[in-house]
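Below is one structure, written out as structure tokens, with a few remarks after it.
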Amino acid sequence: MSGGGADGAPVGVLASGTGTILQAMLKAGVPVGIVVADRACAALEIAAAAGVATALVERTDFGAGFDRRAYTALAVEALRAAGVRLVAMAGFGTVLSPAMFAAFPGAVLNTHPSLLPAFKGWHAVEAALEAGVAVTGCTVHVATEEVDDGPILAQEEVPVLPGDTVESLHERIKSVERRLYPRTVLDVLAGRIALSPTR
């Protein structure tokens with residue numbers, strides 16, 4: 001990758017939840033150098049148990065006055081201190097300011113539970129069901145300032161089955177995500193997928 005982790009620099013993972021994507025990455029051999037979380041969560045415990053450095057950059061303000069720029073600066077500082085060149089968002093609950101993407105241009109990855117550009121946003125699985133589509137899926141893409149935008153790196157289809165609920169469909173998408181995302185990160189690190197700086 002251009003300016004990325006191919007030189008052996010570790011990957012920084014941004015997480016907020018149960019850490020299932022992190023677990024999948026560790027199992028697949030992704031060289032995770034640090035896990036940064038915005039709240040106390042299981043992902044931090046998984047990282048610590050695996051001997052991976054952690055940083056809790058806690059978000060204490062969820063109101064209109066939240067200082068997104070200041071928060072993002074702290075997250076960037078934690079990632080830079082760990083020497084990462086590639087950042088993988090793994091269920092991170094805080095939308096970051098443009099400074100994150102300026103610090104790691106074209107090197108922040110994300111996974112989304114739809115076949116982008118269809119069904120952007122927080123309720124992608126629900127939206128797919130409401131639209132009555134026969135197929136949805138999972139997308140790994142380069143994250144940009146625009147949410148759920150940016151170059152697509154990998155996609156895999158997941159069929160919508162009769163009687164599917166948001167929960168049942170989302171669980172099948174997650175099972176694909178836990179396989180597709182780590183593989184895509186490893187492909188980027190190995191240079192099999194090239195990244196270009198994007199703003």
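By convention in this document, the chains of the structure tokens carry letters A, B, ... by their order, each chain's residues are numbered from 1, and ligands are numbered from 1 in the order they are shown.
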Notebook entry, point to check: What's the 12 Å shell around Val125 (chain A), counting only C-alpha atoms, without same-chain residues fewer than 5 positions away, as a ChimeraX atom specification?
Noted result: /A:112-116,118-120,130-133,135-138,158-160,164-174
Next item on the list: Fewer than 3 positions away in the same chain doesn't count, so skip those; otherwise give me all residues within 10 Å of Thr18 (chain A), counting only C-alpha atoms, as a ChimeraX atom specification.
Entry: /A:15,21-23,41-46,90-91
Item checked: Atomic separation - CA of Asp38 (chain A) relative to CA of Ser16 (chain A), Å -> 6.0 Å
Margin query: Can you tell me which residues surround Val32 (chain A) at a distance of at most 10 Å, considering only C-alpha atoms, apart from same-chain residues fewer than 3 positions away, and format the answer as a ChimeraX atom specification?
Written below: /A:9-13,22,25-26,29,35,47,50-53,84,86-88
Next item on the list: Extract, using only C-alpha atoms, all DNA, RNA and protein residues at most 8 Å from Glu58 (chain A), discarding same-chain residues fewer than 6 positions from it, and format them as JSON, numbers by chain.
Entry: {"A": [37, 38, 39, 40]}
Next item on the list: Name the residues in contact with region 96-100 of chain A at a cut-off of 7 Å, using only C-alpha atoms, excluding same-chain residues fewer than 2 positions from it; report them as a PyMOL selection string.
Entry: chain A and resi 68-69+72+76+94+102-104+145
Which residues in region 18-172 of chain A does DSSP call strand (DSSP E or B)? List them as an mmCIF file with C-alpha atoms, in the first residue's frame.
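Saved to selection.cif:
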data_model
loop_
_atom_site.group_PDB
_atom_site.id
_atom_site.type_symbol
_atom_site.label_atom_id
_atom_site.label_comp_id
_atom_site.auth_asym_id
_atom_site.auth_seq_id
_atom_site.Cartn_x
_atom_site.Cartn_y
_atom_site.Cartn_z
ATOM 1 C CA VAL A 32 -2.806 -5.013 15.600
ATOM 2 C CA GLY A 33 -0.585 -2.537 17.417
ATOM 3 C CA ILE A 34 -3.198 -0.716 19.478
ATOM 4 C CA VAL A 35 -6.925 -0.725 20.150
ATOM 5 C CA VAL A 36 -8.441 2.695 20.800
ATOM 6 C CA ALA A 37 -11.919 2.808 22.332
ATOM 7 C CA ALA A 53 -1.767 -2.079 23.705
ATOM 8 C CA THR A 54 -4.974 -0.231 24.525
ATOM 9 C CA ALA A 55 -6.025 3.385 24.876
ATOM 10 C CA LEU A 56 -9.330 4.499 26.332
ATOM 11 C CA LEU A 86 -3.323 1.900 8.796
ATOM 12 C CA VAL A 87 -6.487 2.368 10.877
ATOM 13 C CA ALA A 88 -9.385 -0.097 10.920
ATOM 14 C CA MET A 89 -12.694 1.101 12.317
ATOM 15 C CA ALA A 90 -14.437 -1.829 14.003
ATOM 16 C CA VAL A 108 -8.674 4.574 7.427
ATOM 17 C CA LEU A 109 -10.798 1.524 6.653
ATOM 18 C CA ASN A 110 -14.359 0.743 7.652
ATOM 19 C CA THR A 111 -16.880 -2.041 7.246
ATOM 20 C CA HIS A 112 -20.566 -1.445 6.562
ATOM 21 C CA VAL A 135 -29.753 -9.442 -1.647
ATOM 22 C CA THR A 136 -27.733 -7.161 0.626
ATOM 23 C CA GLY A 137 -24.261 -7.751 2.031
ATOM 24 C CA CYS A 138 -21.089 -6.328 3.512
ATOM 25 C CA THR A 139 -18.698 -3.686 2.198
ATOM 26 C CA VAL A 140 -15.143 -2.875 3.260
ATOM 27 C CA HIS A 141 -14.229 0.619 2.131
ATOM 28 C CA VAL A 142 -11.858 3.495 2.707
ATOM 29 C CA ILE A 152 -14.828 0.303 -2.078
ATOM 30 C CA LEU A 153 -12.153 -2.335 -1.428
ATOM 31 C CA ALA A 154 -14.222 -5.517 -1.082
ATOM 32 C CA GLN A 155 -17.850 -6.626 -1.051
ATOM 33 C CA GLU A 156 -19.709 -9.859 -0.482
ATOM 34 C CA GLU A 157 -23.389 -10.547 -1.015
ATOM 35 C CA VAL A 158 -25.712 -11.918 1.670
ATOM 36 C CA PRO A 159 -29.170 -13.150 0.603
#
Margin query: Could you tell me how far CA of Glu146 (chain A) sits from CA of Glu77 (chain A), in Å to one decimal place?
Written below: 21.8 Å
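Distance annotation: of A:Val176, A:Pro182, A:Ala134, A:Ala143, the residue with the minimal separation from Pro162 (chain A) is A:Ala134; atom set is only C-alpha atoms.
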Next item on the list: Using DSSP on the backbone coordinates, identify all residues within region 7-181 of chain A classified as alpha helix (DSSP H); present the result as a ChimeraX atom specification.
Entry: /A:20-28,42-49,68-81,98-103,124-131,166-181
Next item on the list: Go through A:Gly93, A:Gly19, A:Gly150, A:Pro105 and flag the residue nearest Pro117 (chain A), using only C-alpha atoms for the distances.
Entry: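 Result for the nearest residue to Pro117 (chain A): A:Gly150.
Among the candidates A:Gly121, A:Glu126, A:Ser196, A:Leu74, the residue lying nearest to Asp148 (chain A) is A:Gly121 (atoms considered: only C-alpha atoms).
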